[in-house]
>>> print(open('final_38.txt').read())   # compact mmCIF, C-alpha atoms
# COMPACT_ATOMS: atom_id res chain seq x y z
CA MET A 21 -96.89 39.00 72.41
CA ALA A 22 -96.71 35.40 73.50
CA PRO A 23 -99.88 33.67 74.81
CA SER A 24 -98.38 33.75 78.31
CA ILE A 25 -98.52 37.55 78.24
CA LEU A 26 -102.18 37.44 77.38
CA LEU A 27 -102.98 35.10 80.24
CA ILE A 28 -101.08 37.22 82.75
CA LEU A 29 -102.79 40.41 81.65
CA LEU A 30 -106.15 38.68 81.63
CA SER A 31 -105.78 37.17 85.11
CA LEU A 32 -104.78 40.49 86.59
CA LEU A 33 -107.62 42.36 84.94
CA LEU A 34 -110.29 39.85 85.89
CA ILE A 35 -109.54 39.34 89.57
CA PRO A 36 -112.57 40.75 91.43
CA THR A 37 -111.75 43.45 93.98
CA SER A 38 -113.30 45.90 96.51
CA GLY A 39 -113.35 49.21 98.28
CA TYR A 40 -114.91 50.65 95.15
CA VAL A 41 -118.53 51.31 94.23
CA GLN A 42 -119.76 48.55 91.96
CA PRO A 43 -120.11 49.83 88.38
CA HIS A 44 -123.61 48.32 87.95
CA GLU A 45 -126.54 47.51 90.21
CA ASP A 46 -126.78 43.93 88.88
CA SER A 47 -123.23 43.06 89.88
CA PHE A 48 -122.59 41.22 93.13
CA ILE A 49 -118.86 40.59 92.79
CA SER A 50 -116.74 43.51 91.72
CA GLY A 51 -113.17 44.59 91.86
CA VAL A 52 -110.54 47.25 91.55
CA ILE A 53 -106.92 46.99 90.49
CA SER A 54 -105.18 49.91 92.19
CA ASP A 55 -102.25 51.89 90.77
CA LYS A 56 -99.92 49.56 92.64
CA GLY A 57 -101.58 46.57 91.01
CA LEU A 58 -101.44 48.24 87.61
CA ASP A 59 -97.71 48.83 88.00
CA TYR A 60 -97.20 45.19 88.92
CA ALA A 61 -99.24 44.05 85.91
CA LYS A 62 -97.35 46.47 83.68
CA ASP A 63 -93.96 45.11 84.80
CA LEU A 64 -95.09 41.53 84.19
CA LEU A 65 -96.50 42.43 80.80
CA ILE A 66 -93.28 44.16 79.73
CA GLU A 67 -91.14 41.29 81.00
CA LYS A 68 -93.13 38.74 79.02
CA GLY A 69 -93.35 41.07 76.05
CA VAL A 70 -89.59 41.44 75.90
CA ALA A 71 -89.20 37.66 76.13
CA SER A 72 -91.49 37.24 73.11
CA ILE A 73 -89.54 39.78 71.03
CA VAL A 74 -86.02 38.58 71.87
CA LEU A 75 -84.69 36.29 69.10
CA LEU A 76 -87.31 37.73 66.75
CA GLN A 77 -85.88 37.66 63.23
CA LEU A 78 -86.57 40.65 60.97
CA PRO A 79 -87.14 40.47 57.20
CA GLU A 80 -84.13 40.46 54.90
CA ILE A 81 -83.09 43.86 53.53
CA GLU A 82 -81.64 44.22 50.05
CA LYS A 83 -80.43 47.35 48.32
CA SER A 84 -78.36 48.36 45.27
CA VAL A 85 -76.20 51.49 45.63
CA GLN A 86 -73.59 53.29 43.57
CA VAL A 87 -70.18 53.38 45.25
CA PRO A 88 -67.54 55.84 43.99
CA LEU A 89 -64.55 54.13 42.34
CA VAL A 90 -66.15 50.78 42.97
CA GLY A 91 -69.32 50.81 40.93
CA LYS A 92 -72.75 49.45 41.57
CA ALA A 93 -72.92 47.27 44.67
CA LYS A 94 -75.71 44.95 45.68
CA VAL A 95 -75.83 44.65 49.46
CA VAL A 96 -78.01 42.17 51.39
CA LEU A 97 -78.60 42.14 55.14
CA SER A 98 -79.96 38.82 56.43
CA GLU A 99 -80.60 36.97 59.70
CA ILE A 100 -81.32 40.29 61.41
CA THR A 101 -82.11 39.13 64.93
CA ILE A 102 -83.07 41.08 68.07
CA LYS A 103 -80.70 39.66 70.70
CA ASP A 104 -81.88 41.54 73.79
CA ILE A 105 -83.84 44.58 74.96
CA GLN A 106 -83.17 46.77 78.00
CA ILE A 107 -85.97 48.91 79.46
CA ASN A 108 -85.07 52.27 80.95
CA SER A 109 -88.49 53.47 82.13
CA SER A 110 -92.15 52.59 81.71
CA SER A 111 -95.55 53.79 82.84
CA VAL A 112 -99.23 52.84 82.74
CA LYS A 113 -102.11 55.29 82.90
CA THR A 114 -105.85 54.80 82.93
CA GLY A 115 -108.60 57.26 82.17
CA GLU A 116 -111.59 57.96 79.98
CA SER A 117 -109.50 57.47 76.84
CA GLY A 118 -108.48 53.93 77.86
CA ILE A 119 -105.44 52.16 79.25
CA VAL A 120 -102.13 53.64 78.07
CA LEU A 121 -98.87 51.70 78.38
CA VAL A 122 -95.62 53.48 77.47
CA VAL A 123 -92.03 52.23 77.39
CA SER A 124 -89.36 54.90 76.86
CA GLY A 125 -85.58 55.07 76.59
CA ALA A 126 -85.27 51.40 75.68
CA THR A 127 -82.21 49.95 73.98
CA ALA A 128 -81.91 46.87 71.81
CA ASN A 129 -78.99 44.86 70.47
CA LEU A 130 -79.25 43.20 67.07
CA SER A 131 -77.04 40.81 65.15
CA MET A 132 -77.03 40.26 61.39
CA ARG A 133 -75.13 38.91 58.44
CA TRP A 134 -74.13 41.00 55.41
CA ARG A 135 -72.95 40.21 51.93
CA TYR A 136 -72.30 42.25 48.82
CA SER A 137 -71.26 41.81 45.21
CA CYS A 138 -70.21 44.47 42.73
CA SER A 139 -68.49 44.99 39.40
CA THR A 140 -66.78 47.94 37.69
CA TRP A 141 -65.52 48.75 34.22
CA LEU A 142 -62.02 48.75 35.70
CA ILE A 143 -62.46 45.26 37.03
CA PRO A 144 -64.85 43.31 34.81
CA ILE A 145 -64.66 40.32 37.12
CA GLY A 146 -67.21 40.75 39.94
CA ILE A 147 -66.02 40.96 43.51
CA SER A 148 -67.94 39.95 46.64
CA ASP A 149 -67.54 39.62 50.36
CA SER A 150 -69.59 38.68 53.44
CA GLY A 151 -69.44 38.88 57.19
CA THR A 152 -71.36 39.76 60.36
CA ALA A 153 -72.31 42.97 62.09
CA SER A 154 -73.94 44.11 65.34
CA VAL A 155 -76.41 46.95 65.74
CA LYS A 156 -77.28 48.92 68.86
CA VAL A 157 -80.66 50.66 68.87
CA LYS A 158 -81.03 53.58 71.28
CA GLY A 159 -83.84 55.82 72.48
CA MET A 160 -86.58 53.38 71.53
CA GLN A 161 -90.15 54.20 72.59
CA VAL A 162 -93.09 51.80 72.49
CA GLY A 163 -96.68 52.70 73.31
CA LEU A 164 -100.20 51.38 73.04
CA THR A 165 -103.69 52.47 74.06
CA VAL A 166 -106.50 49.98 74.56
CA ASN A 167 -110.07 50.17 75.76
CA LEU A 168 -112.36 47.64 77.43
CA ARG A 169 -116.11 47.44 76.81
CA ASN A 170 -118.85 45.01 77.78
CA LEU A 171 -120.15 42.99 74.85
CA GLU A 172 -123.14 40.82 75.83
CA GLY A 173 -121.57 39.69 79.09
CA THR A 174 -117.99 39.37 77.82
CA LEU A 175 -115.21 41.94 77.47
CA LYS A 176 -114.28 43.48 74.13
CA LEU A 177 -110.69 44.74 73.92
CA THR A 178 -110.05 47.41 71.29
CA LEU A 179 -106.63 48.63 70.21
CA LEU A 180 -107.02 52.39 69.81
CA ASP A 181 -103.43 53.39 69.09
CA TYR A 182 -100.00 51.77 69.05
CA GLY A 183 -96.53 52.16 67.67
CA CYS A 184 -92.77 51.99 68.09
CA TYR A 185 -90.17 54.68 67.46
CA VAL A 186 -86.40 54.19 67.17
CA GLY A 187 -84.35 57.22 68.18
CA ASP A 188 -80.85 56.28 67.02
CA LEU A 189 -78.74 53.29 66.07
CA SER A 190 -75.07 52.44 65.57
CA ILE A 191 -73.56 49.66 63.45
CA LYS A 192 -70.39 47.73 64.23
CA LEU A 193 -69.00 45.90 61.20
CA ASP A 194 -66.94 42.74 61.63
CA GLY A 195 -64.63 42.66 58.57
CA GLY A 196 -65.17 44.35 55.23
CA ALA A 197 -63.75 47.47 53.63
CA SER A 198 -64.08 50.92 55.15
CA TRP A 199 -66.34 52.06 52.33
CA LEU A 200 -68.75 49.26 53.20
CA TYR A 201 -69.12 50.51 56.77
CA GLN A 202 -70.08 53.98 55.59
CA LEU A 203 -72.42 52.43 53.04
CA LEU A 204 -74.24 50.46 55.72
CA VAL A 205 -74.60 53.54 57.90
CA ASP A 206 -75.78 55.81 55.12
CA ALA A 207 -77.95 53.44 53.11
CA PHE A 208 -79.35 51.01 55.67
CA GLU A 209 -79.78 52.96 58.91
CA VAL A 210 -83.34 54.01 58.07
CA ASN A 211 -84.20 50.53 56.76
CA ILE A 212 -83.01 48.80 59.93
CA ALA A 213 -84.85 51.27 62.17
CA SER A 214 -88.05 50.83 60.15
CA ALA A 215 -87.75 47.03 60.31
CA VAL A 216 -87.47 47.16 64.11
CA GLU A 217 -90.42 49.54 64.42
CA GLU A 218 -92.64 47.48 62.15
CA ALA A 219 -91.75 44.16 63.79
CA ILE A 220 -92.56 45.41 67.30
CA SER A 221 -95.75 47.14 66.11
CA ASP A 222 -96.87 43.91 64.43
CA LYS A 223 -96.28 42.05 67.70
CA ILE A 224 -98.45 44.55 69.57
CA ARG A 225 -101.29 44.23 67.07
CA GLU A 226 -101.01 40.44 67.05
CA GLY A 227 -100.98 40.20 70.84
CA ILE A 228 -103.99 42.47 71.36
CA GLY A 229 -105.91 40.48 68.76
CA LYS A 230 -105.20 37.23 70.57
CA LEU A 231 -106.13 38.76 73.91
CA ASP A 232 -109.42 40.04 72.50
CA ASN A 233 -110.24 36.56 71.16
CA LEU A 234 -109.42 35.10 74.55
CA LEU A 235 -111.70 37.57 76.33
CA GLN A 236 -114.50 36.80 73.89
CA SER A 237 -114.15 33.07 74.57
CA LEU A 238 -114.50 33.38 78.35
CA PRO A 239 -117.47 31.37 79.71
CA LYS A 240 -120.44 33.23 81.15
CA GLN A 241 -120.92 30.59 83.81
CA ILE A 242 -118.57 28.20 85.59
CA SER A 243 -119.80 24.84 86.88
CA LEU A 244 -118.79 24.35 90.51
CA ASP A 245 -120.20 20.87 91.11
CA LYS A 246 -123.15 18.71 90.04
CA THR A 247 -125.56 21.11 91.73
CA SER A 248 -124.47 24.67 91.12
CA ALA A 249 -122.72 27.04 88.74
CA LEU A 250 -121.47 30.59 89.13
CA ASN A 251 -122.74 33.34 86.85
CA VAL A 252 -119.52 35.09 85.82
CA SER A 253 -120.92 37.21 83.00
CA PHE A 254 -119.61 40.76 83.06
CA VAL A 255 -122.00 43.51 84.07
CA GLY A 256 -121.63 47.02 82.73
CA ASN A 257 -118.50 48.54 81.23
CA PRO A 258 -115.22 48.56 83.18
CA VAL A 259 -114.73 51.82 85.04
CA LEU A 260 -111.37 53.44 84.27
CA SER A 261 -110.27 56.15 86.68
CA ASN A 262 -106.95 57.97 86.75
CA SER A 263 -105.40 55.33 89.00
CA SER A 264 -107.45 52.12 88.85
CA ILE A 265 -109.63 49.74 86.85
CA ALA A 266 -112.95 48.48 88.23
CA ILE A 267 -114.62 45.41 86.73
CA ALA A 268 -117.82 43.70 87.86
CA ILE A 269 -119.46 40.33 87.28
CA ASN A 270 -122.91 39.09 88.24
CA GLY A 271 -121.41 36.61 90.72
CA LEU A 272 -124.61 34.80 91.80
CA PHE A 273 -124.96 31.03 92.19
CA ILE A 274 -127.44 29.31 89.88
CA GLY A 275 -128.59 25.73 89.43
CA ARG A 276 -126.68 23.70 86.86
CA ASN A 277 -129.75 23.41 84.63
CA GLU A 278 -130.94 26.99 85.03
CA ALA A 279 -130.66 29.53 82.24
CA LEU A 280 -128.78 32.76 82.82
CA VAL A 281 -131.71 34.92 83.86
CA PRO A 282 -131.72 37.75 86.42
CA GLN A 283 -132.37 36.58 89.97
CA VAL A 284 -134.45 38.67 92.33
CA PHE A 285 -132.17 40.03 95.03
CA GLN A 286 -132.34 43.43 96.64
CA LYS A 287 -128.83 44.77 96.66
CA GLY A 288 -129.22 47.39 99.35
CA LEU A 289 -127.04 50.38 99.89
CA LYS A 290 -124.07 49.00 101.80
CA ILE A 291 -120.87 48.00 100.08
CA SER A 292 -117.89 46.26 101.64
CA ALA A 293 -115.49 48.68 103.29
CA ALA A 294 -112.05 49.19 101.79
CA CYS A 295 -109.22 47.25 103.36
CA GLY A 296 -107.07 49.24 105.75
CA GLY A 297 -103.35 49.11 106.33
CA LEU A 298 -100.80 49.13 103.53
CA PRO A 299 -101.87 49.89 99.95
CA LYS A 300 -103.25 46.80 98.24
CA MET A 301 -102.73 45.83 94.62
CA ILE A 302 -106.09 44.08 94.47
CA LYS A 303 -109.18 44.37 96.69
CA VAL A 304 -112.23 42.11 96.68
CA SER A 305 -115.89 43.02 97.18
CA ILE A 306 -118.45 40.22 97.48
CA HIS A 307 -122.04 41.15 98.25
CA GLU A 308 -123.91 39.04 100.78
CA ASN A 309 -126.41 38.12 98.06
CA VAL A 310 -123.71 35.84 96.59
CA PHE A 311 -123.85 33.75 99.76
CA LYS A 312 -127.64 33.94 99.84
CA SER A 313 -127.89 32.69 96.26
CA ALA A 314 -125.62 29.74 97.12
CA SER A 315 -127.77 28.97 100.15
CA LEU A 316 -130.94 29.02 98.07
CA VAL A 317 -129.55 26.88 95.23
CA TYR A 318 -128.33 24.10 97.51
CA PHE A 319 -131.47 24.18 99.63
CA ASN A 320 -133.77 23.92 96.61
CA ALA A 321 -131.66 21.06 95.27
CA GLY A 322 -132.21 19.09 98.50
CA LYS A 323 -128.51 19.01 99.32
CA MET A 324 -128.87 20.21 102.92
CA GLN A 325 -129.82 16.83 104.33
CA LEU A 326 -127.82 14.13 106.08
CA ILE A 327 -128.83 10.66 107.25
CA ILE A 328 -126.73 9.08 110.01
CA ASP A 329 -127.15 5.34 110.41
CA GLU A 330 -123.67 4.56 111.72
CA LEU A 331 -121.91 5.83 114.84
CA PRO A 332 -118.76 4.76 116.70
CA ASN A 333 -121.09 3.54 119.46
CA GLN A 334 -123.55 1.79 117.18
CA ALA A 335 -125.68 0.61 120.12
CA ILE A 336 -127.03 4.15 120.49
CA LEU A 337 -128.90 3.65 117.21
CA ASN A 338 -131.02 0.83 118.62
CA THR A 339 -134.20 1.16 120.69
CA ALA A 340 -132.81 -1.33 123.23
CA GLU A 341 -130.27 1.28 124.35
CA TRP A 342 -133.15 3.65 125.24
CA ARG A 343 -135.43 1.21 127.06
CA PHE A 344 -134.83 2.82 130.47
CA ILE A 345 -134.83 6.40 129.19
CA VAL A 346 -137.83 6.24 126.86
CA PRO A 347 -139.63 3.04 127.82
CA GLN A 348 -142.59 3.84 125.57
CA LEU A 349 -140.29 3.80 122.56
CA TYR A 350 -138.77 0.44 123.49
CA LYS A 351 -142.17 -1.03 124.31
CA GLN A 352 -143.57 -0.11 120.88
CA TYR A 353 -140.39 -0.87 118.89
CA PRO A 354 -138.33 -3.42 120.79
CA ASN A 355 -134.76 -3.96 119.59
CA ASP A 356 -135.20 -2.02 116.32
CA ASP A 357 -132.45 -0.04 114.60
CA MET A 358 -132.73 3.73 114.35
CA GLN A 359 -131.30 6.51 112.19
CA LEU A 360 -130.94 10.29 112.44
CA ASN A 361 -132.37 12.35 109.60
CA ILE A 362 -130.77 15.80 109.79
CA SER A 363 -132.18 18.36 107.37
CA VAL A 364 -132.22 22.12 107.02
CA SER A 365 -135.84 23.32 107.17
CA SER A 366 -135.36 26.60 105.29
CA PRO A 367 -132.55 28.38 103.41
CA PRO A 368 -129.88 29.54 105.90
CA LEU A 369 -129.96 33.24 106.71
CA ILE A 370 -126.65 34.94 105.91
CA GLN A 371 -125.65 38.48 106.81
CA VAL A 372 -122.40 40.22 105.89
CA THR A 373 -121.23 43.21 107.93
CA TYR A 374 -118.07 45.29 107.92
CA GLN A 375 -116.63 43.07 110.66
CA ASP A 376 -117.73 39.52 109.91
CA ILE A 377 -120.09 37.07 108.23
CA GLY A 378 -122.99 35.68 110.27
CA ALA A 379 -125.28 32.74 109.54
CA THR A 380 -128.40 31.28 111.15
CA ILE A 381 -129.36 27.74 110.18
CA PHE A 382 -132.65 26.10 111.11
CA VAL A 383 -132.14 22.35 111.45
CA ASP A 384 -134.67 19.55 112.07
CA ILE A 385 -133.27 16.34 113.56
CA THR A 386 -135.74 13.54 113.06
CA ILE A 387 -135.29 10.21 114.85
CA ASP A 388 -136.48 7.34 112.68
CA VAL A 389 -137.11 3.75 113.68
CA LEU A 390 -136.39 1.13 111.04
CA GLU A 391 -138.94 -1.65 111.31
CA GLY A 392 -139.66 -4.27 108.70
CA GLY A 393 -138.17 -2.18 105.89
CA GLU A 394 -140.29 0.80 106.91
CA VAL A 395 -138.92 4.15 108.14
CA ILE A 396 -141.04 5.43 111.03
CA PRO A 397 -140.38 8.96 112.45
CA VAL A 398 -140.84 8.92 116.22
CA ALA A 399 -139.32 12.19 117.45
CA CYS A 400 -138.11 15.52 116.14
CA ILE A 401 -135.68 18.05 117.54
CA SER A 402 -135.51 21.55 116.03
CA VAL A 403 -132.23 23.38 116.43
CA ASP A 404 -131.38 26.97 115.57
CA ILE A 405 -127.66 27.31 114.94
CA SER A 406 -126.16 30.80 114.88
CA ALA A 407 -122.50 31.61 114.29
CA SER A 408 -120.26 34.31 112.89
CA CYS A 409 -116.64 34.58 111.84
CA ALA A 410 -114.14 36.97 110.34
CA VAL A 411 -112.83 36.11 106.88
CA GLU A 412 -109.31 36.43 105.57
CA ILE A 413 -107.33 35.21 102.57
CA VAL A 414 -104.54 32.76 103.45
CA ARG A 415 -102.35 32.02 100.42
CA ASP A 416 -104.81 30.83 97.77
CA LYS A 417 -107.67 29.97 100.15
CA ILE A 418 -110.38 31.89 101.99
CA ALA A 419 -110.35 31.04 105.69
CA GLY A 420 -112.68 31.86 108.58
CA THR A 421 -111.10 33.11 111.78
CA ASP A 422 -112.37 34.20 115.18
CA VAL A 423 -115.45 31.98 115.02
CA LYS A 424 -118.09 33.14 117.46
CA CYS A 425 -121.26 31.49 118.65
CA PRO A 426 -123.74 33.46 120.80
CA GLN A 427 -124.42 32.02 124.24
CA ASN A 428 -127.88 30.92 123.18
CA SER A 429 -126.53 29.09 120.12
CA HIS A 430 -124.07 26.31 119.41
CA PRO A 431 -122.88 24.93 116.07
CA THR A 432 -122.88 21.30 117.24
CA ILE A 433 -125.68 19.02 118.39
CA PRO A 434 -125.07 17.03 121.61
CA GLU A 435 -125.57 13.30 121.73
CA PHE A 436 -128.91 12.17 123.02
CA PRO A 437 -130.51 11.16 125.64
CA ILE A 438 -134.00 11.85 124.37
CA LYS A 439 -136.29 12.85 127.18
CA GLU A 440 -139.53 13.15 125.22
CA ARG A 441 -140.95 11.85 121.97
CA SER A 442 -141.20 15.38 120.60
CA THR A 443 -138.74 17.96 121.87
CA ILE A 444 -137.78 21.41 120.66
CA ALA A 445 -134.30 22.44 121.78
CA ASN A 446 -132.79 25.82 120.98
CA TYR A 447 -129.02 25.99 121.24
>>> encode(input="final_38.txt", output="structure tokens")
Amino acid sequence: MAPSILLILLSLLLIPTSGYVQPHEDSFISGVISDKGLDYAKDLLIEKGVASIVLLQLPEIEKSVQVPLVGKAKVVLSEITIKDIQINSSSVKTGESGIVLVVSGATANLSMRWRYSCSTWLIPIGISDSGTASVKVKGMQVGLTVNLRNLEGTLKLTLLDYGCYVGDLSIKLDGGASWLYQLLVDAFEVNIASAVEEAISDKIREGIGKLDNLLQSLPKQISLDKTSALNVSFVGNPVLSNSSIAIAINGLFIGRNEALVPQVFQKGLKISAACGGLPKMIKVSIHENVFKSASLVYFNAGKMQLIIDELPNQAILNTAEWRFIVPQLYKQYPNDDMQLNISVSSPPLIQVTYQDIGATIFVDITIDVLEGGEVIPVACISVDISASCAVEIVRDKIAGTDVKCPQNSHPTIPEFPIKERSTIANY
């Protein structure tokens, strides 16, 4: 199998999905590949597998045989090449024994070169000849059984059984004597079939080995930015049912410098509902604790703060602009620049329901006066922002739709006037 096959199989197996009970209580992102998804993965795998086998050259075959009236002939078959493979039917099954992939009724076309040399007591001078031939392999069956297990946060892929069987083959000789044709059929039919079976079996074993190494090399955490990383270590063993594969990862955000240790989150009993409508190949389940962990990491890192010292109407950020609205401010700090210090006072509260995702953010807006190189806070506005939205996948992005804000909340903060030095406004 070519490396591209391994990557395709890997990407399909590792996409997190939903509508399925998470295999382990410590997993917060989990997934299921349905039978439709398995069929799609199987077709891709076979397509890439065939591409890696086509033009595969088999070992040279040499044999000495006794030919009546001719004598002892040494025949060599070389440049035996698989030209193409046609698949008649295929299937993939999952269960307690593992993942079983079967290809049946396949045909393959081979090309090769032949040469022989022989001598007889009637003709002491040796004779020889050479040419080409084509071979058609029929009724070929290929199968493999693999199993997936968790190994310290990574996946271990084990090849349980595999093999290839050739049902029948026919040889078309280009040139040569009639006795040579019968010789090739009688003496080399088994050898050619065995060479095909061994070559394809070797490719299966080689490909599974490479895929296992690739799975073992997967990182247990992925850095997202300078602040956070995502814990993508696998949790529990994959769950193989008769029509799907379920795989789970931890899925929580952690600080870049934090070790991979369990975080304290109560998972609760609710799990995302399965998607309705047409059958899906892949479904995604993300627990709300994933969003909560992100909220906590960025809050603890001090990333939920913004200082505004420039506005399109820059005059607003000067006490002179407020001399008639808040005269006390102008009297104490005449003609001084100001800035807005917007910070989240506590980790945002996030709740995921069957219908949407809701968030409540507690924001403090502090008005600072800049005087003589000193930052002086003079007023504070506390704002509770509540909003919710439905989530959908658009191409390769996750988008929020149908954004809703309750009547007593608003996701934006109006421009001042400030009416008091200390005001609490709930939007």
>>> residues_around(input="final_38.txt", residues="Gly322 in chain A", least_positions_apart="2", cutoff="10 Å", atoms="only C-alpha atoms", output="list in words")
Thr247, Val317, Tyr318, Phe319, Asn320, Met324, Gln325, Ser363 and Val364 of chain A
>>> atom_distance(input="final_38.txt", atom1="CA of Ser243 in chain A", atom2="CA of Ile327 in chain A")
26.4 Å
>>> atom_distance(input="final_38.txt", atom1="CA of Ile49 in chain A", atom2="CA of Leu272 in chain A")
8.2 Å
>>> closest_residue(input="final_38.txt", among="A:Leu180, A:Leu189, A:Ile220, A:Val210", to="Val162 in chain A", atoms="only C-alpha atoms")
A:Ile220
>>> atom_distance(input="final_38.txt", atom1="CA of Val52 in chain A", atom2="CA of Ile306 in chain A")
12.1 Å
>>> residues_around(input="final_38.txt", residues="Lys113 in chain A", least_positions_apart="2", cutoff="10 Å", atoms="all atoms listed in the file", output="list in words")
Asp55, Leu58, Asp59, Ser111, Gly115, Ser117, Gly118, Ile119, Val120, Leu121, Val122, Thr165, Leu260, Ser261, Asn262, Ser263 and Ser264 of chain A
